[in-house]
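> Okay, so here is target32.txt, and as you'll see once you scroll down, it has compact mmCIF, C-alpha atoms and all ligand atoms.
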```txt
# COMPACT_ATOMS: atom_id res chain seq x y z
CA MET D 1 0.00 0.00 0.00
CA ARG D 2 1.27 3.47 -0.79
CA GLU D 3 2.67 4.59 2.56
CA GLY D 4 1.69 8.23 2.16
CA CYS D 5 -2.03 7.47 2.02
CA LYS D 6 -2.17 4.37 4.18
CA HIS D 7 -3.73 6.27 7.07
CA ILE D 8 -6.46 7.58 4.77
CA VAL D 9 -7.35 4.10 3.54
CA TYR D 10 -7.61 2.82 7.11
CA LYS D 11 -9.66 5.83 8.18
CA ALA D 12 -11.99 5.35 5.22
CA LEU D 13 -12.43 1.64 5.92
CA ALA D 14 -12.96 2.25 9.63
CA ALA D 15 -15.83 4.58 8.73
CA VAL D 16 -17.27 2.50 5.90
CA ARG D 17 -17.04 -1.01 7.26
CA PRO D 18 -19.58 -0.83 10.12
CA GLN D 19 -22.33 0.47 7.84
CA PHE D 20 -21.52 -1.08 4.45
CA ARG D 21 -24.52 -3.05 3.18
CA LEU D 22 -22.80 -5.24 0.57
CA HIS D 23 -19.99 -7.79 0.46
CA LEU D 24 -16.89 -5.83 1.48
CA ALA D 25 -14.12 -8.36 0.94
CA GLY D 26 -15.15 -9.92 -2.35
CA GLY D 27 -18.18 -8.15 -3.82
CA ILE D 28 -18.16 -6.38 -7.17
CA HIS D 29 -18.38 -3.05 -5.33
CA GLY D 30 -16.07 -3.93 -2.43
CA LEU D 31 -12.40 -3.79 -1.56
CA PRO D 32 -10.92 -5.46 -4.68
CA HIS D 33 -12.76 -2.95 -6.89
CA TRP D 34 -11.84 0.05 -4.71
CA SER D 35 -8.20 -1.05 -4.68
CA ARG D 36 -8.12 -1.20 -8.49
CA VAL D 37 -9.90 2.16 -8.80
CA TRP D 38 -7.22 3.66 -6.55
CA PHE D 39 -4.53 2.03 -8.68
CA HIS D 40 -5.99 3.31 -11.97
CA ASP D 41 -6.61 6.77 -10.54
CA ARG D 42 -2.98 7.07 -9.45
CA ALA D 43 -1.90 6.19 -12.99
CA LEU D 44 -4.37 8.71 -14.42
CA ALA D 45 -3.13 11.39 -12.04
CA ALA D 46 0.57 10.66 -12.56
CA ALA D 47 1.06 13.52 -15.00
CA ALA D 48 -1.21 15.95 -13.18
CA ASP D 49 -0.82 17.93 -10.02
CA VAL D 50 -3.46 16.13 -7.96
CA ASP D 51 -3.58 15.80 -4.20
CA PRO D 52 -3.11 12.03 -3.63
CA ALA D 53 -5.46 12.25 -0.65
CA VAL D 54 -8.35 12.97 -3.01
CA LEU D 55 -7.63 9.78 -4.98
CA ALA D 56 -7.58 7.63 -1.86
CA TRP D 57 -10.80 9.10 -0.44
CA PHE D 58 -12.57 8.77 -3.79
CA ALA D 59 -11.53 5.14 -4.29
CA PHE D 60 -12.66 3.99 -0.86
CA LEU D 61 -15.82 6.10 -0.46
CA HIS D 62 -17.40 6.35 -3.92
CA ASP D 63 -19.37 3.07 -3.66
CA SER D 64 -19.58 2.99 0.12
CA GLN D 65 -23.26 3.98 0.26
CA ARG D 66 -24.62 1.51 -2.27
CA HIS D 67 -27.84 -0.19 -1.33
CA ASN D 68 -27.36 -2.96 -3.89
CA ASP D 69 -24.92 -4.21 -6.54
CA ARG D 70 -27.27 -3.36 -9.40
CA ARG D 71 -28.55 -0.02 -10.59
CA ASP D 72 -28.52 2.35 -7.66
CA PRO D 73 -28.59 5.82 -9.20
CA ARG D 74 -28.40 7.79 -5.93
CA HIS D 75 -25.39 6.03 -4.45
CA GLY D 76 -22.96 8.72 -5.62
CA HIS D 77 -25.05 11.42 -3.97
CA ARG D 78 -25.22 9.41 -0.76
CA ALA D 79 -21.43 8.91 -0.87
CA ALA D 80 -20.95 12.68 -1.12
CA ASP D 81 -23.33 13.23 1.82
CA PHE D 82 -21.39 10.61 3.79
CA ALA D 83 -18.15 12.46 3.02
CA VAL D 84 -19.68 15.70 4.30
CA ARG D 85 -20.49 13.95 7.58
CA LEU D 86 -16.95 12.57 7.81
CA LYS D 87 -15.56 16.05 7.21
CA LYS D 88 -17.77 17.54 9.92
CA ASP D 89 -16.64 14.81 12.31
CA GLY D 90 -13.00 15.54 11.55
CA VAL D 91 -12.35 12.17 9.92
CA ILE D 92 -11.54 13.76 6.56
CA SER D 93 -8.95 16.24 7.70
CA GLU D 94 -6.41 16.38 4.88
CA LEU D 95 -8.33 18.26 2.22
CA GLU D 96 -8.62 21.96 1.68
CA PRO D 97 -12.20 23.17 1.09
CA ALA D 98 -11.75 23.34 -2.69
CA ALA D 99 -10.27 19.84 -2.91
CA PHE D 100 -13.02 18.48 -0.68
CA GLU D 101 -15.68 20.04 -2.91
CA ARG D 102 -14.06 18.39 -5.94
CA LEU D 103 -14.06 15.05 -4.18
CA CYS D 104 -17.77 15.39 -3.42
CA GLU D 105 -18.56 16.47 -6.96
CA ALA D 106 -16.68 13.51 -8.44
CA MET D 107 -18.59 11.11 -6.18
CA ARG D 108 -21.96 12.77 -6.69
CA LEU D 109 -21.69 12.50 -10.47
CA HIS D 110 -19.77 9.24 -10.89
CA SER D 111 -22.85 7.05 -11.00
CA ASP D 112 -24.63 9.07 -13.67
CA GLY D 113 -22.49 8.04 -16.64
CA HIS D 114 -21.10 11.54 -17.13
CA THR D 115 -18.32 12.15 -19.58
CA GLU D 116 -18.42 15.95 -19.56
CA GLY D 117 -16.32 17.54 -16.87
CA ASP D 118 -12.90 18.93 -16.21
CA ALA D 119 -9.79 16.76 -16.33
CA ALA D 120 -9.86 15.96 -12.61
CA LEU D 121 -13.46 14.76 -12.66
CA GLN D 122 -12.90 12.75 -15.83
CA ALA D 123 -9.89 11.00 -14.29
CA ARG D 124 -11.90 9.90 -11.21
CA TRP D 125 -14.71 8.57 -13.42
CA ASP D 126 -12.31 6.78 -15.78
CA ALA D 127 -10.58 5.09 -12.86
CA ASP D 128 -13.96 3.57 -12.00
CA ARG D 129 -14.80 2.69 -15.62
CA LEU D 130 -11.49 0.95 -16.25
CA ASP D 131 -12.57 -1.73 -13.78
CA LEU D 132 -15.71 -2.75 -15.67
CA GLY D 133 -14.08 -6.04 -16.59
CA ARG D 134 -15.05 -7.37 -13.16
CA VAL D 135 -18.67 -7.51 -14.34
CA GLY D 136 -17.84 -8.88 -17.79
CA THR D 137 -17.81 -5.54 -19.60
CA ARG D 138 -14.77 -4.38 -21.51
CA PRO D 139 -14.83 -0.57 -21.82
CA HIS D 140 -15.18 0.59 -25.42
CA PRO D 141 -12.20 2.81 -26.29
CA ALA D 142 -14.59 5.67 -27.11
CA ARG D 143 -16.23 5.50 -23.70
CA PRO D 144 -13.54 6.74 -21.30
CA CYS D 145 -13.06 10.50 -21.12
CA THR D 146 -9.28 10.75 -20.88
CA PRO D 147 -6.66 9.98 -23.54
CA TYR D 148 -4.87 7.71 -21.06
CA ALA D 149 -7.91 5.52 -20.44
CA GLN D 150 -8.77 5.37 -24.14
CA ARG D 151 -5.51 3.60 -24.94
CA GLY D 152 -6.00 0.04 -26.08
CA HIS D 153 -3.28 -1.45 -23.92
CA VAL D 154 -4.53 0.39 -20.82
CA ILE D 155 -8.04 -1.01 -21.34
CA ARG D 156 -6.67 -4.49 -22.06
CA ASN D 157 -4.49 -4.55 -18.94
CA ALA D 158 -7.22 -3.06 -16.74
CA THR D 159 -9.68 -5.69 -17.98
CA LYS D 160 -7.25 -8.49 -17.28
CA MET D 161 -6.64 -7.13 -13.77
CA ALA D 162 -10.38 -6.93 -13.15
CA GLU D 163 -10.83 -10.50 -14.34
CA GLY D 164 -7.94 -11.69 -12.17
CA ARG D 165 -5.88 -12.72 -15.20
CA PRO D 166 -2.15 -12.06 -15.61
CA CYS D 167 -1.53 -8.76 -17.37
CA GLY D 168 1.40 -7.21 -19.10
CA THR D 169 2.20 -4.56 -16.54
CA VAL D 170 4.84 -4.97 -13.89
CA ASP D 171 2.95 -2.55 -11.72
CA ARG D 172 -0.37 -3.85 -10.48
CA PRO D 173 -2.80 -3.07 -7.68
CA VAL D 174 -2.37 -4.50 -4.24
CA VAL D 175 -5.83 -5.40 -3.07
CA VAL D 176 -6.30 -3.73 0.26
CA SER D 177 -7.58 -6.23 2.74
CA GLY D 178 -8.04 -3.82 5.62
CA LEU D 179 -9.95 -6.47 7.49
CA ALA D 180 -7.38 -7.69 9.97
CA PRO D 181 -6.37 -4.26 11.27
CA LEU D 182 -10.02 -3.34 11.54
CA SER D 183 -11.27 -6.55 13.07
CA HIS D 184 -11.85 -4.80 16.39
CA LEU D 185 -14.56 -2.61 14.88
CA LYS D 186 -18.08 -3.36 15.90
CA ARG D 187 -20.28 -4.38 13.00
CA ASP D 188 -23.99 -4.27 12.52
CA PRO D 189 -24.87 -8.00 12.53
CA SER D 190 -27.84 -7.43 10.23
CA ARG D 191 -25.41 -6.52 7.46
CA ARG D 192 -22.83 -8.74 5.79
FE FE E 1 -17.00 1.97 -8.41
```
Could you render the structure from this file as structure tokens?
Ligand SMILES: [Fe+2]


Amino acid sequence: MREGCKHIVYKALAAVRPQFRLHLAGGIHGLPHWSRVWFHDRALAAAADVDPAVLAWFAFLHDSQRHNDRRDPRHGHRAADFAVRLKKDGVISELEPAAFERLCEAMRLHSDGHTEGDAALQARWDADRLDLGRVGTRPHPARPCTPYAQRGHVIRNATKMAEGRPCGTVDRPVVVSGLAPLSHLKRDPSRR
């Protein structure tokens, strides 16, 4: 795990885990997906001046308020509302007001299929789209917003990663388990 943002990932999981309604460890909207979104977003942001804290918070919060693994059009809005609560409670403490607003905007709009936005928003959305292979969908090269995510080899490698197949890149995501360090957290037994 990238050392500089490790504390953010643990803070995010500590907040998300007790209330997450879906399958955290292995579901299509759980930790493996969030880990790959974080990985893709770091690659997308490599050439840009982006606060790495935004990428970590986006990856581990954007699907945290899903009510189901199917169509759930309001989950991005709920994720942004959740982030506002975390900010008020002092859990999200690294982001300046402008960066926090951008994080919320990226989450609010990520579930609506948007392609129009500035480069930062497009990168967050493409990081999510590049992982569509986990549900059997290979992104069409015309679908992502950014030149990086439209590249054939990027889509191919991302799809292989999502499917759990070997891919051509040396660099690959480390799936954050987060479960052992957080095992002391109390969970709502009515939720998985
Ligand atoms: Fe997602």

> Counting all atoms listed in the file, which residue out of D:Arg78, D:Arg21, D:Arg138, D:Arg102 sits closest to D:Phe58?

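Under the stated criterion, the closest residue is D:Arg102.
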
> To check your reading of the model: which residues sit at most 7 Å from ligand FE 1 (chain E) when counting all atoms listed in the file? Write the answer as a VMD selection string.

chain D and resid 29 33 to 34 62 to 63 128

> So that I have them on file, write out the residues from the current selection with C-alpha atoms, as a PDB file, in the frame of the given file.


```
ATOM      1  CA  HIS D  29     -18.380  -3.050  -5.330  1.00  0.00           C
ATOM      2  CA  HIS D  33     -12.760  -2.950  -6.890  1.00  0.00           C
ATOM      3  CA  TRP D  34     -11.840   0.050  -4.710  1.00  0.00           C
ATOM      4  CA  HIS D  62     -17.400   6.350  -3.920  1.00  0.00           C
ATOM      5  CA  ASP D  63     -19.370   3.070  -3.660  1.00  0.00           C
ATOM      6  CA  ASP D 128     -13.960   3.570 -12.000  1.00  0.00           C
TER       7      ASP D 128
END
```

> Quick one: pull the distance between atom CA of D:Cys145 and atom CA of D:Thr115, Å, one decimal.

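Computed distance, atom CA of D:Cys145 to atom CA of D:Thr115, equals 5.7 Å.
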
> State, in Å with one decimal place, the distance from atom CA of D:Arg74 to atom CA of D:Ala158.

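Separating atom CA of D:Arg74 from atom CA of D:Ala158 is a distance of 26.1 Å.
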
> Looking at only C-alpha atoms, which of D:Lys88, D:Arg129, D:Arg143, D:His75 is the one that sits closest to D:Arg108?

D:His75

> Using only C-alpha atoms, pick whichever of D:Met107, D:Ala149, D:Ile8, D:Leu132 has the shortest atom-to-atom distance to D:Ala56.

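Of D:Met107, D:Ala149, D:Ile8, D:Leu132, the one nearest D:Ala56, counting only C-alpha atoms, is D:Ile8.
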
> Which one of D:Ala120, D:Ala127, D:Ala15, D:Val50 sits closest to D:Lys87 if you count only C-alpha atoms?

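Of the candidates, the smallest distance to D:Lys87 is held by D:Ala15.
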
> Would you work out the distance separating atom CA of D:Asp72 from atom CA of D:Ser111, expressed in Å to one decimal?

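According to the coordinates, atom CA of D:Asp72 and atom CA of D:Ser111 are separated by 8.1 Å.
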
> Using N, CA and C atoms, give me stretch 33-65 of chain D from the structure I just pasted, as a PDB file, in the first residue's frame.


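Here's the written file result_25.pdb:
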```
ATOM      1  N   HIS D  33     -12.438  -4.014  -5.930  1.00  0.00           N
ATOM      2  CA  HIS D  33     -12.762  -2.946  -6.894  1.00  0.00           C
ATOM      3  C   HIS D  33     -12.173  -1.609  -6.452  1.00  0.00           C
ATOM      4  N   TRP D  34     -12.342  -1.254  -5.191  1.00  0.00           N
ATOM      5  CA  TRP D  34     -11.841   0.048  -4.712  1.00  0.00           C
ATOM      6  C   TRP D  34     -10.316   0.108  -4.818  1.00  0.00           C
ATOM      7  N   SER D  35      -9.665  -1.016  -4.567  1.00  0.00           N
ATOM      8  CA  SER D  35      -8.198  -1.047  -4.680  1.00  0.00           C
ATOM      9  C   SER D  35      -7.761  -0.802  -6.123  1.00  0.00           C
ATOM     10  N   ARG D  36      -8.484  -1.409  -7.075  1.00  0.00           N
ATOM     11  CA  ARG D  36      -8.116  -1.203  -8.489  1.00  0.00           C
ATOM     12  C   ARG D  36      -8.458   0.217  -8.935  1.00  0.00           C
ATOM     13  N   VAL D  37      -9.572   0.769  -8.463  1.00  0.00           N
ATOM     14  CA  VAL D  37      -9.902   2.162  -8.798  1.00  0.00           C
ATOM     15  C   VAL D  37      -8.785   3.083  -8.303  1.00  0.00           C
ATOM     16  N   TRP D  38      -8.316   2.849  -7.111  1.00  0.00           N
ATOM     17  CA  TRP D  38      -7.222   3.660  -6.553  1.00  0.00           C
ATOM     18  C   TRP D  38      -5.975   3.519  -7.409  1.00  0.00           C
ATOM     19  N   PHE D  39      -5.689   2.299  -7.814  1.00  0.00           N
ATOM     20  CA  PHE D  39      -4.526   2.033  -8.679  1.00  0.00           C
ATOM     21  C   PHE D  39      -4.660   2.789 -10.005  1.00  0.00           C
ATOM     22  N   HIS D  40      -5.793   2.646 -10.674  1.00  0.00           N
ATOM     23  CA  HIS D  40      -5.988   3.312 -11.971  1.00  0.00           C
ATOM     24  C   HIS D  40      -5.959   4.834 -11.811  1.00  0.00           C
ATOM     25  N   ASP D  41      -6.553   5.324 -10.728  1.00  0.00           N
ATOM     26  CA  ASP D  41      -6.615   6.769 -10.539  1.00  0.00           C
ATOM     27  C   ASP D  41      -5.216   7.341 -10.318  1.00  0.00           C
ATOM     28  N   ARG D  42      -4.345   6.588  -9.641  1.00  0.00           N
ATOM     29  CA  ARG D  42      -2.976   7.074  -9.447  1.00  0.00           C
ATOM     30  C   ARG D  42      -2.249   7.142 -10.779  1.00  0.00           C
ATOM     31  N   ALA D  43      -2.516   6.155 -11.660  1.00  0.00           N
ATOM     32  CA  ALA D  43      -1.898   6.192 -12.991  1.00  0.00           C
ATOM     33  C   ALA D  43      -2.439   7.374 -13.794  1.00  0.00           C
ATOM     34  N   LEU D  44      -3.753   7.590 -13.698  1.00  0.00           N
ATOM     35  CA  LEU D  44      -4.373   8.707 -14.418  1.00  0.00           C
ATOM     36  C   LEU D  44      -3.854  10.050 -13.917  1.00  0.00           C
ATOM     37  N   ALA D  45      -3.544  10.115 -12.634  1.00  0.00           N
ATOM     38  CA  ALA D  45      -3.131  11.389 -12.036  1.00  0.00           C
ATOM     39  C   ALA D  45      -1.631  11.600 -12.105  1.00  0.00           C
ATOM     40  N   ALA D  46      -0.895  10.612 -12.624  1.00  0.00           N
ATOM     41  CA  ALA D  46       0.567  10.665 -12.561  1.00  0.00           C
ATOM     42  C   ALA D  46       1.126  11.934 -13.195  1.00  0.00           C
ATOM     43  N   ALA D  47       0.514  12.358 -14.287  1.00  0.00           N
ATOM     44  CA  ALA D  47       1.056  13.515 -14.996  1.00  0.00           C
ATOM     45  C   ALA D  47       0.417  14.822 -14.538  1.00  0.00           C
ATOM     46  N   ALA D  48      -0.510  14.734 -13.603  1.00  0.00           N
ATOM     47  CA  ALA D  48      -1.211  15.949 -13.179  1.00  0.00           C
ATOM     48  C   ALA D  48      -0.865  16.271 -11.728  1.00  0.00           C
ATOM     49  N   ASP D  49      -1.103  17.490 -11.382  1.00  0.00           N
ATOM     50  CA  ASP D  49      -0.824  17.931 -10.023  1.00  0.00           C
ATOM     51  C   ASP D  49      -2.080  17.710  -9.178  1.00  0.00           C
ATOM     52  N   VAL D  50      -2.252  16.484  -8.702  1.00  0.00           N
ATOM     53  CA  VAL D  50      -3.461  16.129  -7.962  1.00  0.00           C
ATOM     54  C   VAL D  50      -3.063  15.711  -6.553  1.00  0.00           C
ATOM     55  N   ASP D  51      -3.815  16.192  -5.589  1.00  0.00           N
ATOM     56  CA  ASP D  51      -3.575  15.805  -4.202  1.00  0.00           C
ATOM     57  C   ASP D  51      -3.867  14.308  -4.071  1.00  0.00           C
ATOM     58  N   PRO D  52      -2.874  13.482  -3.716  1.00  0.00           N
ATOM     59  CA  PRO D  52      -3.114  12.030  -3.633  1.00  0.00           C
ATOM     60  C   PRO D  52      -4.178  11.660  -2.606  1.00  0.00           C
ATOM     61  N   ALA D  53      -4.415  12.540  -1.638  1.00  0.00           N
ATOM     62  CA  ALA D  53      -5.458  12.252  -0.649  1.00  0.00           C
ATOM     63  C   ALA D  53      -6.834  12.177  -1.303  1.00  0.00           C
ATOM     64  N   VAL D  54      -7.063  12.999  -2.316  1.00  0.00           N
ATOM     65  CA  VAL D  54      -8.352  12.972  -3.014  1.00  0.00           C
ATOM     66  C   VAL D  54      -8.565  11.612  -3.671  1.00  0.00           C
ATOM     67  N   LEU D  55      -7.510  11.065  -4.280  1.00  0.00           N
ATOM     68  CA  LEU D  55      -7.631   9.781  -4.982  1.00  0.00           C
ATOM     69  C   LEU D  55      -7.983   8.676  -3.995  1.00  0.00           C
ATOM     70  N   ALA D  56      -7.330   8.683  -2.846  1.00  0.00           N
ATOM     71  CA  ALA D  56      -7.585   7.629  -1.856  1.00  0.00           C
ATOM     72  C   ALA D  56      -9.012   7.727  -1.304  1.00  0.00           C
ATOM     73  N   TRP D  57      -9.429   8.949  -0.969  1.00  0.00           N
ATOM     74  CA  TRP D  57     -10.799   9.100  -0.441  1.00  0.00           C
ATOM     75  C   TRP D  57     -11.828   8.720  -1.489  1.00  0.00           C
ATOM     76  N   PHE D  58     -11.603   9.113  -2.741  1.00  0.00           N
ATOM     77  CA  PHE D  58     -12.570   8.774  -3.790  1.00  0.00           C
ATOM     78  C   PHE D  58     -12.678   7.251  -3.943  1.00  0.00           C
ATOM     79  N   ALA D  59     -11.526   6.591  -4.036  1.00  0.00           N
ATOM     80  CA  ALA D  59     -11.534   5.144  -4.293  1.00  0.00           C
ATOM     81  C   ALA D  59     -12.301   4.386  -3.216  1.00  0.00           C
ATOM     82  N   PHE D  60     -12.115   4.797  -1.952  1.00  0.00           N
ATOM     83  CA  PHE D  60     -12.663   3.989  -0.858  1.00  0.00           C
ATOM     84  C   PHE D  60     -13.998   4.506  -0.313  1.00  0.00           C
ATOM     85  N   LEU D  61     -14.488   5.612  -0.876  1.00  0.00           N
ATOM     86  CA  LEU D  61     -15.822   6.096  -0.463  1.00  0.00           C
ATOM     87  C   LEU D  61     -16.858   6.047  -1.579  1.00  0.00           C
ATOM     88  N   HIS D  62     -16.443   6.045  -2.849  1.00  0.00           N
ATOM     89  CA  HIS D  62     -17.403   6.346  -3.917  1.00  0.00           C
ATOM     90  C   HIS D  62     -18.557   5.342  -4.024  1.00  0.00           C
ATOM     91  N   ASP D  63     -18.303   4.084  -3.632  1.00  0.00           N
ATOM     92  CA  ASP D  63     -19.373   3.071  -3.658  1.00  0.00           C
ATOM     93  C   ASP D  63     -19.825   2.681  -2.259  1.00  0.00           C
ATOM     94  N   SER D  64     -19.376   3.429  -1.273  1.00  0.00           N
ATOM     95  CA  SER D  64     -19.581   2.987   0.115  1.00  0.00           C
ATOM     96  C   SER D  64     -21.037   3.052   0.563  1.00  0.00           C
ATOM     97  N   GLN D  65     -21.860   3.832  -0.161  1.00  0.00           N
ATOM     98  CA  GLN D  65     -23.263   3.982   0.261  1.00  0.00           C
ATOM     99  C   GLN D  65     -24.224   3.279  -0.678  1.00  0.00           C
TER     100      GLN D  65
END
```
